[in-house]
Amino acid sequence: MTSNLPLYVIAAPLLTAFVVNLAGRFWRGSVAILSLGALVFSTISAGLVLQQVLTHGTIHYTVGGWQAPWGIELVIDPLAALMLLLISVVALLATFSALASARQELPGREHLFFTLYLILISGLLGLAVTGDAFNLYVLLEITSITTYCLIAMGKGRAPLASFNYIIMGTIGACFYLLGVGYLYMLTGSLNMADIHGILPGMYGSISVATAFAFLLVGVWIKMAFLPLHGWLPNAYSLAPSSTSVLIAPLMTKVSVFLMIRIIFSIFSPDYAFFQHVGVQHLIVWAAALGILIASGLALAQTDLKRMLSYIIVAEVGYMVGGVWLANTTAMTGAILHIVNDALMTLCLFLAASAIVYRLGDSKLASMKGLYRRMPLTMAAFTIGAFSMIGVPPTAGFFSKWYLILGGIQAGPWAWVYVAALLISSLVNAILFFRIIEIAYFQGGGEHGHDAVPRQEACAWQLSPLLLSAVALLAIGMAAGPLVEHLIIPALPAGF
Amino acid sequence: MNIITSLLPVAAVGISLIGAIFIILTNRRPNLRESVTLLIAVGKFLLVLSMLPTVLAGGGFVFTLAELIPGVPLQLRVDAMGMFFALVASFLWICTSIYSIGYMRALQEHDQTRYYASFAVAISATIGVAFSANLLTLYLFYEMLSLSTYPLVTHERNAEARVSGRKYLTYILGTSIGFALPAMLIVYAIAGTLDFTSGGILSNTGVSPGTVALLLVLFVAGFAKAGIMPFHGWLPAAMVAPTPVSSFLHGVAVVKVGVFSILRVIFDILGPDLLRSLDLGMALTYFVSITILAASLIALTQDNLKRRLAYSTIGQLSYMILGAGMLTAAGMTGGVLHIAMHAFGKITLFFCAGAIYVASHKKYISEMDGLGRQMPITFGAFALGAMSIIGLPPLGGFISKWYLAVGALQADQMPLLLVLLTSSLLNAAYFLPIVYRAFFAPSPAGTAETGIREAPLFCLLPLSVTAICSLALFFYPNVFLRLVEMAIAP
C-alpha cells in the first residue's frame, strides 16, 4: 500500500492540536482557522479514503513499514472508512458551533480547549481504523482522558461529573485491558486479524469467554449501555456546550463501532452470537429493557441537555440490540443508525448549544416563546426531533425500519425488542412535543401580537445546525441508494 | 391498461408545498398571500382534473421520486381510487380557501400566514395520500398530514387548544407509530413488497389467519384518523380549531385520509378475497356498526353545533368502512362513494356553522332559534347538507346510502340493514330540529332586532356552491360512480 492518506486523516488534527496551543497564545483568530483547516483536510481525505476502499477493497496500512503482526497495522475496511468520514464530518460541523460557544464560555482559554478537542478527534479517528487490540486501548485512553478534561471545563458541578466519569471510564478501560491481556496470554498476539486467525482453535476455552466478557463490558461502560450508564447524563449535560456538541454525537457511536470490531474482527460472529446459548437473547432483552428505562428516565428530566443525554442512552440500546439480533437486516439497521443517530444527536445538540448561547441555560421552562425568538433554530430542532421520533422521510425512520424489521425476522423471542423500539418512539414523541408545546404556546403573549424580539443564534452556530437538519432529510430521501452502496458493503465480513 | 410515467402527479402534490414557501414569503402582504393560496388551489384542481380523462379511459400515471427501501420506492401513482379522492379533496380545497379568506378576515384572526402555509402543506399531504403507490409512501404523507395539521388545530394557542392539540397528537401519532407502523413492517416481512395491488399482496403468501386478523386490527386501529371507536376522541377535541380547518380537515381531508388508508389496506394490501375467506370483513362491519350507532346517539346530546357535527362525522365515517367490510360489489361501491357524498354534505354543514359564528358569534344550537329567518341562505344550505347526510333524495347522500343498503342485502345481512336505517333516523333526529328551530321557532325575546345579517360573501359563496354540488351529485354522479367501479373492479 503506497498511499499515506489514511494516516493523514488522523495526523492532521493531532499535529494541529499542538500548533493551536502555540499559535493561539499569540493570535486568538488562529484557533478557528487552524482547527477548521485541519478538519476540512481530514474530511476531504476521509472522503477520498472511503472512495478508495469502496473501489479497491480494504486497505491494510502498516505504520512505518513494520509488518503485522509485529508492527502497528491500520485496517480500513468499508465500515472503518465510513466511520472515518462520519467522525470527521460531525467533528467539522460541531467545531463551527464549538468555536462560538467556547468564545463565550471559556474566554481566553480557547487555545487550551481546542488543543484537547483536536487530540480527542484524532483519537476517535484512530479508533475507527486501528487493527491492533492494544492500540485500541491506547486510543481509548486518549479519547477518555481528553474527554475528562473537556467535561471538567464546565461550570458548577462539571468537575464532579467528570470525576464520576473518570472512575467509571477507568474501570471500563481496565476491563478492556484485562481482556486484551487474556487474549495476549492465549495467542501471543495483539494484532486483531492475527488473533482472529488463532482463536478458533480455542473457542471451547473458558479463558476465551472471560476475555470476550471483559472486552465487551469494557466497551459497554464506554458507550453507557444501561445499566452501565450512570456517568453519562451528568457528564454530557454539565459539560460546556462546546464539548457536548462533539462528544454527544460521537462517543457512544464510536463505542458501538468498537463492539462490532470486537465481535467481528477479534472474535467471530459464530462465536459471539451462537457459542454460548442464551447470551445473545439475554443481551437483546437487556438492550430492550435499557431502551425502556432510559426513555422513562428521559421523561423525568426538566433540562433539555439532560433529556437528550437519556435519549442517547436509549439509542445505545437500539444499536446494541440491533447488532446482537445477529441478522443482516438488523445489522444494516444498527450501522445505519450509527450514522443517523450521530447526525440527529449532532443536530439536537447544536440546537441546544444555540439555545444555551442565547438563553444562558437549557432548562425546558426557559424555552417559552422560542419559536418566535429563534425560528430557524427551532425549525432545525423540530426536524431533529422528528428524526428521533422516526417520522418519515427523516433519516431516523429508516434505521428504525431496519432495526424493527430485523427484530421481526429474528423470531418471536425478539418481540420485546420490537415493542421497546416502538414504545421508545412514542416516548420520544411525548418528549419532543412537550418541548414544542412549551416553545410554541407559552410566552410570547396572548395571540402573539406583542413582538418577541427575534434573536437567532449567531451564524457560526446556525449554519452547521441548518446543514445537519438538511442532512437528516437528505439521508432519509436517499436511504435506498445509501444503504445499497454504503451500508451493505460496510457490513462486517463473515456475516 | 397503459400507465404513463409523468411528472403530473408530482406537480399535483408538490404545487401547494412550493406554494407554502411563497405564502411565507408574502407574509407582510395579505392580499398577495391570499392570491397565492387561491392560485395554487385552482392550479392543483386543474392538475388533478387534467389527469381525469386518462384515468377514466383506464390508464394511469406513475412517478418514482426516490428509492427508500429495497422494493419500496417513494412512488406516486394515479389510479381510479386515488383520482376519486383527489378530485373531491382538491375541489373542496378551492371552496375552503375562499371560505378561509372570508372567515379569517371577518374575525381578524392572528397568525394568518402560518395558517395558510400549514393548510397548503396539509393539502399536499392529502393528495399525496391519494396518489401513493405503496403503503410506505402513504404512511409518509399520512404522518405529514398529522404534523402539518397540528398548528391548525392549536391555532388559538390557548389552554384549550393546547390540551386538544395534545389529544390530537396522542391519538393520531400514537396509533400510527404504535399500530400502523408495526403492521406495515409485518406485511413487508411477509410479502417483501408494499405496493398497492388490486386483490391484495398477501393472498399467495400462505399467511396464517391469525396474522391476517392481527394485521386488520392493527391497521384499523393504526389509522385513527378514520375515527372508529374507541379511537375517535380526537375529533370532537379538534373542533377547537378555526371553522375552515374543521370543515376541510375534520370534515374531509384528515378523516377521509384515515378511511382511504383503511380502504386501501382492505382492497389492495390484505385483499377482499382473503378477508372474505376468513369472514373478517363481516367482523369489521359489526365492529363499526357500534360506532355508527353510538356516535349518532352522542350527537343527539351535543348542544355545541360543531361538536354535534363532529360526532355525526364519526358515525358517517364508519359507514364507509361498513360498506367496504361487506365485501360485496354494491357495499364497496357505497362505501367508497360515501367518501364524496359525505364530503360535500358535511363541508356544507361546517361552512354554515362557521358562517353562523362569523355573523352572530353563536356556537350553541339552543341559541339559534329563529336565526334562519335572518340568515336564510346559510340555513337553506344547512338544510340541504343535512338532508344529504341523512340520505334523503334528491341529494347525493341518498345514492351512497342506497348502495350501502343494497350491499347489505347482497351480503344477506339484515342486521346491517337495520343499523343503516336506525342510523338514518338518528341522523334526521339530530339534524332536522336545528333546521326547524332556525326557521320556525320564535326568536328569543329582544334579539330579533339585533341586526344579524348573512356572513360575508366569501363565506356564503363556498357554502352555496358545496350545497348545490350535493344536490347536483344526485343527478350527475356518473363520473364518481365510474371511478368507484373502476377502483373496486377485481
# chains A, B, ... in the order shown; residues from 1 in each chain; ligands from 1
call {"tool": "interface_residues", "arguments": {"of": "chain A", "to": "chain B", "cutoff": "8 Å", "atoms": "only C-alpha atoms", "output": "ChimeraX atom specification"}}
result
/A:391-393,401,404-405,408-409,422-423,425-426,437,441,446-449,476-481
call {"tool": "residues_around", "arguments": {"residues": "A:Ser35", "least_positions_apart": "3", "cutoff": "9 Å", "atoms": "only C-alpha atoms", "output": "MDAnalysis selection string"}}
result
chainID A and resid 13 16:17 20 30:32 38:40 92 95 114 118
call {"tool": "atom_distance", "arguments": {"atom1": "atom CA of B:Met332", "atom2": "atom CA of B:Ala183"}}
result
23.2 Å
call {"tool": "residues_around", "arguments": {"residues": "A:Lys368", "least_positions_apart": "2", "cutoff": "10 Å", "atoms": "only C-alpha atoms", "output": "PyMOL selection string"}}
result
chain A and resi 364-366+370-373+435-444
call {"tool": "residues_around", "arguments": {"residues": "stretch 383-386 of chain A", "least_positions_apart": "5", "cutoff": "8 Å", "atoms": "only C-alpha atoms", "output": "PyMOL selection string"}}
result
chain A and resi 344-345+347-348+391+394+396+429+432+469+472
call {"tool": "write_last_selection", "arguments": {"atoms": "C-alpha atoms", "output": "PDB file, in the first residue's frame"}}
result
ATOM      1  CA  MET A 344     -29.566  13.553  14.780  1.00  0.00           C
ATOM      2  CA  THR A 345     -27.735  13.899  18.066  1.00  0.00           C
ATOM      3  CA  CYS A 347     -28.483  18.362  15.137  1.00  0.00           C
ATOM      4  CA  LEU A 348     -30.183  18.384  18.529  1.00  0.00           C
ATOM      5  CA  VAL A 391     -41.208  10.322  11.200  1.00  0.00           C
ATOM      6  CA  THR A 394     -36.268  11.885   8.055  1.00  0.00           C
ATOM      7  CA  GLY A 396     -34.307   8.263  11.831  1.00  0.00           C
ATOM      8  CA  ALA A 429     -42.870  11.872  20.553  1.00  0.00           C
ATOM      9  CA  PHE A 432     -40.273  16.412  21.947  1.00  0.00           C
ATOM     10  CA  ALA A 469     -31.110  19.298   9.612  1.00  0.00           C
ATOM     11  CA  LEU A 472     -31.253  14.366   8.036  1.00  0.00           C
TER      12      LEU A 472
END
call {"tool": "closest_atom_pairs", "arguments": {"of": "stretch 313-342 of chain B", "to": "stretch 390-412 of chain B", "cutoff": "9 Å", "atoms": "only C-alpha atoms", "output": "CSV"}}
result
residue,atom,partner,partner_atom,distance
B:Tyr319,CA,B:Leu404,CA,8.1
B:Met320,CA,B:Leu404,CA,8.8
B:Leu322,CA,B:Leu404,CA,8.3
B:Gly323,CA,B:Leu404,CA,5.8
B:Met326,CA,B:Ala411,CA,6.6
B:Leu327,CA,B:Ala411,CA,8.0
B:Thr328,CA,B:Gly407,CA,6.0
B:Ala329,CA,B:Gly407,CA,6.9
B:Ala330,CA,B:Gly407,CA,4.5
B:Gly331,CA,B:Gly407,CA,3.9
B:Met332,CA,B:Gly407,CA,7.5
B:Thr333,CA,B:Tyr403,CA,6.6
B:Gly334,CA,B:Ser400,CA,4.6
B:Gly335,CA,B:Leu404,CA,6.7
B:Val336,CA,B:Ser400,CA,8.3
B:Leu337,CA,B:Ser400,CA,5.6
B:His338,CA,B:Ser400,CA,5.1
B:Ile339,CA,B:Ser400,CA,8.8
B:Ala340,CA,B:Gly396,CA,8.7
B:Met341,CA,B:Gly397,CA,5.2
B:His342,CA,B:Gly397,CA,6.5
